[in-house]
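Structure file query-v7.cif with mmCIF, C-alpha atoms:
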```
data_model
loop_
_atom_site.label_atom_id
_atom_site.label_comp_id
_atom_site.auth_asym_id
_atom_site.auth_seq_id
_atom_site.Cartn_x
_atom_site.Cartn_y
_atom_site.Cartn_z
CA MET A 27 97.11 100.69 66.96
CA ALA A 28 100.60 99.22 66.49
CA THR A 29 99.16 95.71 65.98
CA PHE A 30 96.79 96.99 63.32
CA ILE A 31 99.67 98.60 61.36
CA PHE A 32 101.72 95.41 61.62
CA LEU A 33 98.90 93.26 60.19
CA PHE A 34 98.32 95.73 57.38
CA CYS A 35 102.03 95.63 56.35
CA PHE A 36 102.18 91.83 56.56
CA LEU A 37 99.25 91.42 54.20
CA LEU A 38 100.77 93.88 51.77
CA PHE A 39 104.09 92.06 51.88
CA THR A 40 102.47 88.69 51.24
CA GLN A 41 100.66 89.95 48.17
CA ASN A 42 103.91 91.45 46.76
CA MET A 43 105.76 88.25 47.42
CA ASN A 44 103.18 86.32 45.43
CA ALA A 45 103.59 88.78 42.61
CA PHE A 46 107.41 88.38 42.55
CA LEU A 47 107.65 84.56 42.59
CA LEU A 48 109.81 83.26 39.71
CA ASP A 49 108.61 80.59 37.38
CA ASP A 50 110.29 78.74 34.52
CA LYS A 51 109.20 81.34 32.00
CA THR A 52 110.86 84.34 33.72
CA THR A 53 113.68 86.00 31.83
CA PRO A 54 116.97 87.03 33.52
CA SER A 55 116.26 90.71 33.16
CA GLN A 56 112.98 90.19 34.86
CA ASN A 57 114.73 88.31 37.65
CA VAL A 58 117.04 91.28 38.20
CA VAL A 59 114.06 93.62 38.44
CA ALA A 60 112.29 91.32 40.88
CA ALA A 61 115.40 91.13 43.08
CA GLN A 62 115.58 94.89 43.19
CA GLN A 63 111.92 95.10 44.11
CA TYR A 64 112.44 92.49 46.82
CA SER A 65 115.36 94.45 48.27
CA THR A 66 113.32 97.60 48.21
CA LEU A 67 110.39 95.87 49.93
CA MET A 68 112.63 94.43 52.63
CA GLY A 69 114.03 97.89 53.24
CA LEU A 70 110.53 99.23 53.54
CA LEU A 71 109.60 96.43 55.89
CA THR A 72 112.66 97.11 58.02
CA ASP A 73 111.79 100.82 58.16
CA GLU A 74 108.21 99.92 59.03
CA MET A 75 109.41 97.65 61.87
CA LYS A 76 111.57 100.44 63.22
CA ALA A 77 108.76 102.90 62.92
CA ARG A 78 106.36 100.46 64.63
CA LYS A 79 108.90 99.93 67.45
CA HIS A 80 109.35 103.67 67.80
CA LEU A 81 105.57 104.07 67.72
CA GLU A 82 105.19 101.44 70.45
CA GLU A 83 107.73 103.27 72.58
CA VAL A 84 105.93 106.54 72.00
CA VAL A 85 102.56 104.87 72.78
CA THR A 86 104.06 103.30 75.94
CA GLN A 87 105.42 106.68 77.02
CA LEU A 88 102.14 108.38 76.24
CA ASN A 89 100.29 105.66 78.17
CA THR A 90 102.63 106.19 81.12
CA GLU A 91 102.05 109.93 80.93
CA VAL A 92 98.27 109.38 80.67
CA ILE A 93 98.32 107.11 83.72
CA SER A 94 100.43 109.64 85.62
CA LYS A 95 98.19 112.51 84.62
CA THR A 96 95.11 110.40 85.42
CA LEU A 97 96.54 109.77 88.89
CA ASN A 98 97.28 113.47 89.23
CA ILE A 99 93.80 114.33 88.03
CA THR A 100 92.34 111.77 90.49
CA ASN A 101 94.36 113.28 93.34
CA ASN A 102 93.40 116.78 92.28
CA LEU A 103 89.80 115.65 91.93
CA GLY A 104 89.89 114.23 95.46
CA GLN A 105 91.33 117.51 96.76
CA ALA A 106 88.73 119.39 94.74
CA ASN A 107 86.01 117.16 96.20
CA LEU A 108 87.37 117.87 99.68
CA VAL A 109 87.39 121.60 98.96
CA ILE A 110 83.87 121.36 97.50
CA ALA A 111 82.69 119.33 100.52
CA ASP A 112 84.28 121.90 102.83
CA LEU A 113 82.64 124.72 100.88
CA GLN A 114 79.30 122.91 100.96
CA THR A 115 79.65 122.42 104.74
CA LYS A 116 80.46 126.10 105.19
CA LEU A 117 77.54 127.02 102.91
CA GLN A 118 75.20 124.82 104.93
CA ASN A 119 76.50 126.39 108.15
CA MET A 120 75.97 129.82 106.67
CA GLU A 121 72.42 128.86 105.59
CA ILE A 122 71.71 127.51 109.10
CA LYS A 123 73.07 130.71 110.64
CA LEU A 124 71.01 132.81 108.22
CA GLU A 125 67.89 130.77 109.05
CA GLN A 126 68.59 131.10 112.78
CA SER A 127 69.18 134.82 112.33
CA ALA A 128 65.90 135.11 110.36
CA GLN A 129 64.02 133.19 113.06
CA GLN A 130 65.58 135.36 115.76
CA GLN A 131 64.64 138.45 113.76
CA LYS A 132 61.06 137.15 113.43
CA MET A 133 60.94 136.52 117.19
CA GLU A 134 62.29 140.00 117.87
CA ASN A 135 59.73 141.48 115.45
CA ALA A 136 56.94 139.50 117.16
CA ALA A 137 58.15 140.72 120.56
CA LEU A 138 58.24 144.29 119.25
CA LEU A 139 54.72 143.95 117.82
CA GLN A 140 53.52 142.52 121.14
CA SER A 141 55.19 145.38 123.01
CA VAL A 142 53.54 147.90 120.66
CA SER A 143 50.14 146.22 121.22
CA SER A 144 50.70 146.28 125.00
CA LEU A 145 51.68 149.95 124.85
CA GLN A 146 48.55 150.71 122.81
CA LYS A 147 46.39 148.92 125.38
CA VAL A 148 48.12 150.77 128.23
CA ASN A 149 47.62 154.06 126.35
CA SER A 150 43.92 153.26 125.90
CA ILE A 151 43.58 152.46 129.62
CA ILE A 152 45.41 155.70 130.52
CA GLN A 153 43.08 157.69 128.26
CA GLN A 154 40.05 156.04 129.87
CA ASN A 155 41.44 156.74 133.36
CA TYR A 156 42.15 160.32 132.34
CA SER A 157 38.56 160.76 131.14
CA PHE A 158 37.28 159.19 134.35
CA ILE A 159 39.51 161.50 136.44
CA GLN A 160 38.17 164.51 134.51
CA GLN A 161 34.60 163.40 135.22
CA ASN A 162 35.43 162.88 138.89
CA TYR A 163 37.11 166.28 138.99
CA THR A 164 33.99 167.93 137.54
CA MET A 165 31.80 166.11 140.06
CA LEU A 166 34.17 167.10 142.87
CA LEU A 167 33.88 170.74 141.79
CA GLN A 168 30.10 170.44 141.85
CA ASN A 169 30.19 168.74 145.26
CA TYR A 170 32.59 171.39 146.47
CA SER A 171 30.19 174.14 145.38
CA THR A 172 27.31 172.37 147.16
CA LEU A 173 29.38 171.84 150.29
CA LYS A 174 30.50 175.44 150.19
CA VAL A 175 26.89 176.64 150.12
CA GLU A 176 26.03 174.27 152.96
CA HIS A 177 29.10 175.42 154.85
CA ASP A 178 28.08 179.06 154.43
CA ASN A 179 24.58 178.25 155.71
CA PHE A 180 26.03 176.34 158.62
CA LYS A 181 28.42 179.21 159.30
CA ASN A 182 25.52 181.70 159.33
CA LYS A 183 23.59 179.49 161.73
CA LEU A 184 26.69 179.07 163.85
CA VAL A 185 27.14 182.86 163.93
CA THR A 186 23.53 183.14 165.06
CA HIS A 187 24.16 180.62 167.83
CA GLU A 188 27.36 182.43 168.75
CA ASN A 189 25.36 185.65 169.03
CA LYS A 190 22.92 183.85 171.25
CA SER A 191 25.83 182.48 173.25
CA ALA A 192 27.23 186.01 173.55
CA GLU A 193 23.86 187.22 174.82
CA MET A 194 23.80 184.34 177.30
CA ALA A 195 27.34 185.21 178.35
CA THR A 196 26.24 188.83 178.85
CA GLU A 197 23.35 187.66 180.99
CA ILE A 198 25.67 185.40 182.99
CA THR A 199 28.04 188.34 183.46
CA ALA A 200 25.12 190.42 184.66
CA PHE A 201 24.16 187.61 187.05
CA LYS A 202 27.74 187.48 188.31
CA THR A 203 27.65 191.26 188.78
CA ASP A 204 24.43 190.91 190.77
CA ILE A 205 26.07 188.21 192.85
CA GLN A 206 29.04 190.45 193.49
CA THR A 207 26.65 193.24 194.43
CA LEU A 208 24.82 190.90 196.79
CA LYS A 209 28.08 189.78 198.29
CA HIS A 210 29.06 193.38 198.77
CA GLN A 211 25.72 194.12 200.37
CA VAL A 212 26.09 191.08 202.60
CA LEU A 213 29.56 192.21 203.55
CA THR A 214 28.21 195.69 204.28
CA LEU A 215 25.38 194.25 206.34
CA THR A 216 27.83 192.03 208.17
CA THR A 217 30.08 194.98 208.94
CA ASN A 218 27.42 197.55 209.78
CA GLN A 219 24.81 195.35 211.40
CA SER A 220 26.71 192.68 213.19
CA THR A 221 24.01 192.76 215.81
CA ARG A 222 21.41 191.64 213.33
CA GLY A 223 22.68 188.10 212.90
CA GLN A 224 19.30 186.60 212.25
CA ASP A 225 18.60 189.06 209.47
CA PHE A 226 21.98 188.43 208.00
CA LEU A 227 21.40 184.66 208.17
CA ALA A 228 18.07 185.02 206.42
CA LEU A 229 19.65 187.26 203.78
CA TYR A 230 22.44 184.76 203.34
CA ASN A 231 19.97 181.94 202.83
CA GLN A 232 18.16 184.02 200.23
CA THR A 233 21.49 184.61 198.51
CA LEU A 234 22.17 180.88 198.37
CA GLU A 235 18.73 180.26 196.90
CA PHE A 236 19.35 183.01 194.37
CA ARG A 237 22.68 181.46 193.40
CA SER A 238 21.00 178.08 193.04
CA ASP A 239 18.36 179.64 190.79
CA ILE A 240 21.08 181.29 188.71
CA ALA A 241 22.98 177.98 188.36
CA SER A 242 19.76 176.26 187.31
CA ASP A 243 19.11 178.97 184.71
CA ILE A 244 22.66 178.60 183.39
CA LEU A 245 22.24 174.83 183.08
CA ASN A 246 18.94 175.30 181.23
CA LEU A 247 20.50 177.80 178.83
CA SER A 248 23.47 175.46 178.23
CA SER A 249 21.11 172.53 177.57
CA GLN A 250 19.10 174.63 175.11
CA TYR A 251 22.31 175.63 173.34
CA ASN A 252 23.48 172.00 173.06
CA ASP A 253 20.05 170.94 171.79
CA SER A 254 20.16 173.68 169.17
CA VAL A 255 23.61 172.58 168.01
CA ASP A 256 22.51 168.91 167.85
CA GLU A 257 19.42 169.91 165.93
CA LEU A 258 21.55 171.88 163.48
CA PHE A 259 23.92 168.93 162.90
CA ASN A 260 20.97 166.54 162.45
CA HIS A 261 19.43 168.95 159.98
CA LEU A 262 22.69 169.20 158.02
CA GLN A 263 23.07 165.43 158.03
CA ASN A 264 19.51 164.87 156.85
CA ALA A 265 19.96 167.58 154.22
CA HIS A 266 22.35 165.20 152.39
CA GLY A 267 21.06 162.35 150.26
CA THR A 268 20.14 161.62 146.68
CA THR A 269 17.68 159.44 144.77
CA TYR A 270 17.76 156.99 141.87
CA VAL A 271 15.39 154.51 140.19
CA ARG A 272 15.97 150.79 140.51
CA TRP A 273 14.50 149.36 137.31
CA SER A 274 12.74 145.94 137.31
CA ARG A 275 12.68 145.73 141.15
CA LYS A 276 9.98 146.59 143.72
CA GLN A 277 12.29 147.25 146.70
CA CYS A 278 15.51 149.17 147.33
CA PRO A 279 18.81 147.53 148.37
CA ASP A 280 19.37 147.01 152.08
CA GLU A 281 22.94 148.34 151.91
CA ASN A 282 24.22 151.93 152.21
CA ASN A 283 21.32 153.11 154.44
CA THR A 284 18.95 153.28 151.44
CA GLU A 285 15.22 153.87 151.93
CA LEU A 286 12.27 153.28 149.59
CA VAL A 287 10.49 156.47 148.50
CA TYR A 288 7.84 154.60 146.51
CA SER A 289 7.46 151.67 144.11
CA GLY A 290 5.39 151.47 140.96
CA TYR A 291 5.24 150.68 137.25
CA THR A 292 7.77 151.53 134.57
CA GLY A 293 6.13 153.80 131.99
CA GLY A 294 7.05 155.68 128.83
CA GLY A 295 6.28 156.35 125.18
CA SER A 296 5.41 153.62 122.70
CA TYR A 297 8.29 151.75 121.04
CA ASN A 298 6.95 152.64 117.56
CA ASP A 299 5.72 156.26 117.95
CA TYR A 300 7.81 159.00 116.36
CA GLY A 301 6.81 161.46 119.09
CA ALA A 302 7.47 159.10 121.99
CA ALA A 303 9.38 160.54 124.94
CA PRO A 304 12.81 158.88 125.27
CA GLU A 305 13.03 158.91 129.07
CA PRO A 306 11.21 156.17 131.03
CA VAL A 307 9.52 157.15 134.32
CA CYS A 308 8.53 155.29 137.49
CA LEU A 309 4.74 155.62 137.84
CA PRO A 310 3.34 155.28 141.42
CA LEU A 311 0.99 152.46 142.32
CA HIS A 312 -1.80 154.84 143.40
CA PRO A 313 -1.99 157.88 141.07
CA ASP A 314 -3.98 161.09 141.72
CA PHE A 315 -6.05 162.78 138.96
CA ASN A 316 -7.50 166.30 138.83
CA LYS A 317 -9.41 165.94 135.53
CA THR A 318 -11.25 163.14 133.71
CA SER A 319 -10.46 164.12 130.10
CA GLY A 320 -7.90 165.96 128.01
CA GLY A 321 -8.23 169.24 126.17
CA GLY A 322 -8.88 167.64 122.80
CA GLY A 323 -6.75 167.72 119.66
CA ASP A 324 -3.13 166.58 119.90
CA TYR A 325 -1.90 164.98 123.10
CA ALA A 326 0.96 162.86 124.44
CA ILE A 327 0.64 159.24 125.56
CA ILE A 328 2.26 157.21 128.31
CA HIS A 329 2.25 153.39 128.29
CA GLY A 330 3.49 150.67 130.54
CA ALA A 331 6.78 148.95 129.76
CA GLU A 332 7.70 145.31 129.23
CA PHE A 333 10.53 143.04 128.10
CA ASP A 334 10.39 141.64 124.55
CA SER A 335 12.84 138.75 124.96
CA ASN A 336 14.00 136.11 127.42
CA PHE A 337 17.47 137.66 127.69
CA PHE A 338 17.03 139.22 131.15
CA ALA A 339 15.60 135.99 132.62
CA SER A 340 14.37 132.63 131.30
CA ASN A 341 10.74 133.82 131.37
CA SER A 342 11.14 137.59 130.95
CA ALA A 343 9.46 137.88 127.50
CA HIS A 344 6.27 140.04 127.65
CA GLN A 345 6.61 140.58 131.43
CA ASP A 346 5.68 144.09 132.67
CA ILE A 347 8.50 145.94 134.42
CA PRO A 348 8.19 147.32 137.99
CA CYS A 349 10.37 150.06 139.46
CA ALA A 350 11.40 151.50 142.83
CA VAL A 351 12.48 155.06 143.65
CA CYS A 352 15.26 154.84 146.26
CA ARG A 353 16.91 157.48 148.44
CA VAL A 354 20.49 157.08 149.66
CA LYS A 355 20.62 159.02 152.93
CA GLN A 356 24.38 159.45 153.27
CA ALA A 357 25.33 160.22 149.68
CA SER A 358 25.21 163.25 147.41
CA SER A 359 25.89 161.61 144.02
CA VAL A 360 24.53 158.60 142.13
CA ILE A 361 25.83 157.49 138.72
CA MET A 362 25.01 154.67 136.28
CA ILE A 363 28.16 153.28 134.65
CA PRO A 364 27.57 151.32 131.39
CA GLY A 365 29.89 148.43 130.61
CA LYS A 366 30.82 147.75 134.27
CA ASN A 367 29.41 145.38 136.90
CA MET A 368 31.45 146.75 139.84
CA CYS A 369 31.89 150.31 141.12
CA TYR A 370 35.19 152.19 140.99
CA THR A 371 37.20 152.63 144.17
CA GLY A 372 35.53 154.99 146.66
CA TRP A 373 31.99 154.39 145.32
CA ASN A 374 29.30 152.20 146.91
CA LEU A 375 27.39 149.56 144.93
CA GLU A 376 23.61 150.06 144.79
CA TYR A 377 22.84 147.37 142.20
CA ASN A 378 24.15 145.98 138.90
CA GLY A 379 22.60 144.38 135.82
CA TYR A 380 22.30 144.74 132.04
CA LEU A 381 21.98 147.83 129.86
CA ALA A 382 18.60 148.10 128.07
CA THR A 383 16.74 150.38 125.62
CA ASN A 384 14.42 150.20 122.59
CA ALA A 385 15.34 148.13 119.50
CA TYR A 386 17.63 149.91 117.02
CA ASN A 387 15.17 149.50 114.11
CA GLU A 388 12.06 150.89 115.87
CA HIS A 389 10.76 154.46 115.50
CA GLY A 390 10.37 155.43 119.16
CA ALA A 391 13.32 157.10 120.89
CA SER A 392 14.54 155.58 124.14
CA SER A 393 17.21 156.21 126.77
CA TYR A 394 19.58 153.64 128.22
CA ILE A 395 18.59 152.28 131.65
CA CYS A 396 20.12 149.64 133.93
CA ILE A 397 17.89 146.55 134.41
CA ASP A 398 18.56 144.72 137.70
CA ILE A 399 20.54 141.47 137.38
CA GLN A 400 17.66 139.65 139.15
CA PRO A 401 14.54 141.24 137.65
CA GLU A 402 11.07 141.15 139.18
CA TYR A 403 7.79 141.49 137.27
CA VAL A 404 4.47 143.24 137.78
CA THR A 405 1.95 140.74 139.14
CA GLY A 406 -0.40 139.64 136.36
CA GLY A 407 1.49 141.58 133.68
CA SER A 408 2.71 138.82 131.38
CA SER A 409 0.63 139.36 128.20
CA TRP A 410 1.84 141.00 124.97
CA LYS A 411 0.45 144.57 124.75
CA HIS A 412 1.58 145.44 121.18
CA ASP A 413 1.74 149.19 121.87
CA GLY A 414 3.76 149.77 125.03
CA LYS A 415 7.35 150.76 125.74
CA LEU A 416 9.70 147.84 125.04
CA PHE A 417 13.15 147.11 126.39
CA TYR A 418 15.82 144.95 124.73
CA GLU A 419 19.37 144.01 125.67
CA VAL A 420 22.14 146.26 124.29
CA VAL A 421 25.07 144.64 122.42
CA ALA A 422 28.39 146.23 121.46
CA LYS A 423 29.21 146.90 117.79
CA CYS A 424 32.84 147.23 116.73
CA GLY A 425 33.88 150.04 114.42
CA SER A 426 34.10 153.47 115.95
CA LEU A 427 33.75 151.52 119.22
CA GLN A 428 37.20 150.09 119.87
CA CYS A 429 37.47 146.27 119.90
CA PRO A 430 39.21 145.24 122.07
CA PRO A 431 38.57 146.18 124.86
CA TYR A 432 34.95 145.83 123.70
CA HIS A 433 33.75 142.71 121.85
CA ASN A 434 31.33 142.55 118.95
CA ASP A 435 27.76 141.42 119.88
CA TYR A 436 28.62 141.02 123.58
CA PRO A 437 25.71 142.20 125.84
CA MET A 438 26.57 145.35 127.81
CA THR A 439 26.55 145.26 131.62
CA CYS A 440 25.86 148.23 133.92
CA VAL A 441 26.16 149.25 137.57
CA VAL A 442 24.58 152.00 139.74
CA CYS A 443 26.96 153.52 142.31
CA SER A 444 26.61 156.16 145.05
CA LYS A 445 29.01 158.34 147.01
#
```

Could you show the structure in this file as structure tokens?
Amino acid sequence: MATFIFLFCFLLFTQNMNAFLLDDKTTPSQNVVAAQQYSTLMGLLTDEMKARKHLEEVVTQLNTEVISKTLNITNNLGQANLVIADLQTKLQNMEIKLEQSAQQQKMENAALLQSVSSLQKVNSIIQQNYSFIQQNYTMLLQNYSTLKVEHDNFKNKLVTHENKSAEMATEITAFKTDIQTLKHQVLTLTTNQSTRGQDFLALYNQTLEFRSDIASDILNLSSQYNDSVDELFNHLQNAHGTTYVRWSRKQCPDENNTELVYSGYTGGGSYNDYGAAPEPVCLPLHPDFNKTSGGGGDYAIIHGAEFDSNFFASNSAHQDIPCAVCRVKQASSVIMIPGKNMCYTGWNLEYNGYLATNAYNEHGASSYICIDIQPEYVTGGSSWKHDGKLFYEVVAKCGSLQCPPYHNDYPMTCVVCSK
């Protein structure tokens, strides 16, 4: 800036100097005026040089101050950058801590949700166990009533035997009295007729025979009493027992002292008849008939039963279903549990398999039965009948049925248990 002002003044001075040059034609008065102008210009130039010097000093000072302030600003900027970097580091640490806290909160929430789910499952299991305990309690009450009746009958029979025993005891007492009488007579004979030793000996021998006869009678009565008691216990033991139907099998299980009552064919109402009976029955192999025709008009119908799919076995479609009526000798209760393949604690397994009934979209009503896990078929019964009772597998449907523990479209198992 100072250099620019200097050049501007120099050019101006040069032009004025050219204007004031004297030539031969200049008059003295004009020379005086030019000298005055020259003096004035030199004064102006001197003032300008002073001003320029002062301006340079001011510019130098300002430049020094600018440099100083620039250094200060640079230092302050460095400190500000350090502060900003420190703040950014703290902000990043805070963001990391917040993210860790959020992740920890999510983990805690997931753990809480898992705990709630576990508690809901445990509550469902407790409710199921409570229902099962109520059922067992009802069955125990029924068994208790039955046992009470049997106990009363046994008690009456025992009272009868006790009466008989009292009569036998009375007879034995009478026999003892007779023996005492005979002893007294013997003693009297011995005292009064000591001279009749032979008679006394004969009488004594008769007494011994009589005592032997009495002992034999007592043994016979005791044996009869024991036989009566054994007969009573055998009768009470044989009075227990219950029956069930083993569907799709011709024989009963070998376990649990189970005997076959009879085997036959599974029968029931047609799968498509509105008036079909829902309960299947086990028809015997050799039926008895009293009449050869019905009464006319409306009547009910019973058909054979067959599978309509290969679910129960690889070749089960259109196979006719046999059945076996079984008696468990040492049990008073038999139950079919759907959705289980093992019995609860304290119950004995008869057999297990798959739950079956009529198709959901057919007209005929049908009950649930338990098809054996290893089904058998009626010999020669493998053709499609079109009008019989049909059995299909049963699958679970979620909704009002809780899933889990049940699963949608899973086939339902079943088990038959005795106790």

Task: Shortest interatomic distance to Leu208 in chain A - which of A:Leu113, A:Leu229, A:Ala339, A:Val421, counting only C-alpha atoms - done: A:Leu229

- [ ] Just say which residues the PyMOL selection byres ((chain A and resi 389) around 8) picks in this file, as a count of residues only.
- [x] 8

Task: Test item: the PyMOL selection byres ((chain A and resi 372-376) around 12) resolved as an MDAnalysis selection string - done: chainID A and resid 162 269:273 277:285 352:354 356:363 366:371 377:379 396 398:399 440:445

TODO: Quick one: apply the PyMOL selection byres ((chain A and resi 293) around 12) to the file and drop the selected residues here as a PyMOL selection string.
DONE: chain A and resi 273-274+290-292+294-297+302-311+327-332+346-349+392+413-417

Output C-alpha atoms of each residue in that selection to a file, as a PDB file, keeping the file's coordinate frame.
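The new file again.pdb reads:
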```pdb
ATOM      1  CA  TRP A 273      14.500 149.360 137.310  1.00  0.00           C
ATOM      2  CA  SER A 274      12.740 145.940 137.310  1.00  0.00           C
ATOM      3  CA  GLY A 290       5.390 151.470 140.960  1.00  0.00           C
ATOM      4  CA  TYR A 291       5.240 150.680 137.250  1.00  0.00           C
ATOM      5  CA  THR A 292       7.770 151.530 134.570  1.00  0.00           C
ATOM      6  CA  GLY A 294       7.050 155.680 128.830  1.00  0.00           C
ATOM      7  CA  GLY A 295       6.280 156.350 125.180  1.00  0.00           C
ATOM      8  CA  SER A 296       5.410 153.620 122.700  1.00  0.00           C
ATOM      9  CA  TYR A 297       8.290 151.750 121.040  1.00  0.00           C
ATOM     10  CA  ALA A 302       7.470 159.100 121.990  1.00  0.00           C
ATOM     11  CA  ALA A 303       9.380 160.540 124.940  1.00  0.00           C
ATOM     12  CA  PRO A 304      12.810 158.880 125.270  1.00  0.00           C
ATOM     13  CA  GLU A 305      13.030 158.910 129.070  1.00  0.00           C
ATOM     14  CA  PRO A 306      11.210 156.170 131.030  1.00  0.00           C
ATOM     15  CA  VAL A 307       9.520 157.150 134.320  1.00  0.00           C
ATOM     16  CA  CYS A 308       8.530 155.290 137.490  1.00  0.00           C
ATOM     17  CA  LEU A 309       4.740 155.620 137.840  1.00  0.00           C
ATOM     18  CA  PRO A 310       3.340 155.280 141.420  1.00  0.00           C
ATOM     19  CA  LEU A 311       0.990 152.460 142.320  1.00  0.00           C
ATOM     20  CA  ILE A 327       0.640 159.240 125.560  1.00  0.00           C
ATOM     21  CA  ILE A 328       2.260 157.210 128.310  1.00  0.00           C
ATOM     22  CA  HIS A 329       2.250 153.390 128.290  1.00  0.00           C
ATOM     23  CA  GLY A 330       3.490 150.670 130.540  1.00  0.00           C
ATOM     24  CA  ALA A 331       6.780 148.950 129.760  1.00  0.00           C
ATOM     25  CA  GLU A 332       7.700 145.310 129.230  1.00  0.00           C
ATOM     26  CA  ASP A 346       5.680 144.090 132.670  1.00  0.00           C
ATOM     27  CA  ILE A 347       8.500 145.940 134.420  1.00  0.00           C
ATOM     28  CA  PRO A 348       8.190 147.320 137.990  1.00  0.00           C
ATOM     29  CA  CYS A 349      10.370 150.060 139.460  1.00  0.00           C
ATOM     30  CA  SER A 392      14.540 155.580 124.140  1.00  0.00           C
ATOM     31  CA  ASP A 413       1.740 149.190 121.870  1.00  0.00           C
ATOM     32  CA  GLY A 414       3.760 149.770 125.030  1.00  0.00           C
ATOM     33  CA  LYS A 415       7.350 150.760 125.740  1.00  0.00           C
ATOM     34  CA  LEU A 416       9.700 147.840 125.040  1.00  0.00           C
ATOM     35  CA  PHE A 417      13.150 147.110 126.390  1.00  0.00           C
TER      36      PHE A 417
END
```

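For the pair CA of Ser150 in chain A and CA of Leu427 in chain A, the separation is 12.3 Å.
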
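Counting all atoms listed in the file, the residue from A:Tyr386, A:Lys190, A:Val404, A:Lys116 that sits nearest to Ser289 in chain A is A:Val404.
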
Task: Between CA of Ile397 in chain A and CA of Phe158 in chain A, distance in Å (one decimal) - done: 23.1 Å

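Picture a line from CA of Asp239 in chain A to CA of Phe201 in chain A; it runs 10.5 Å.
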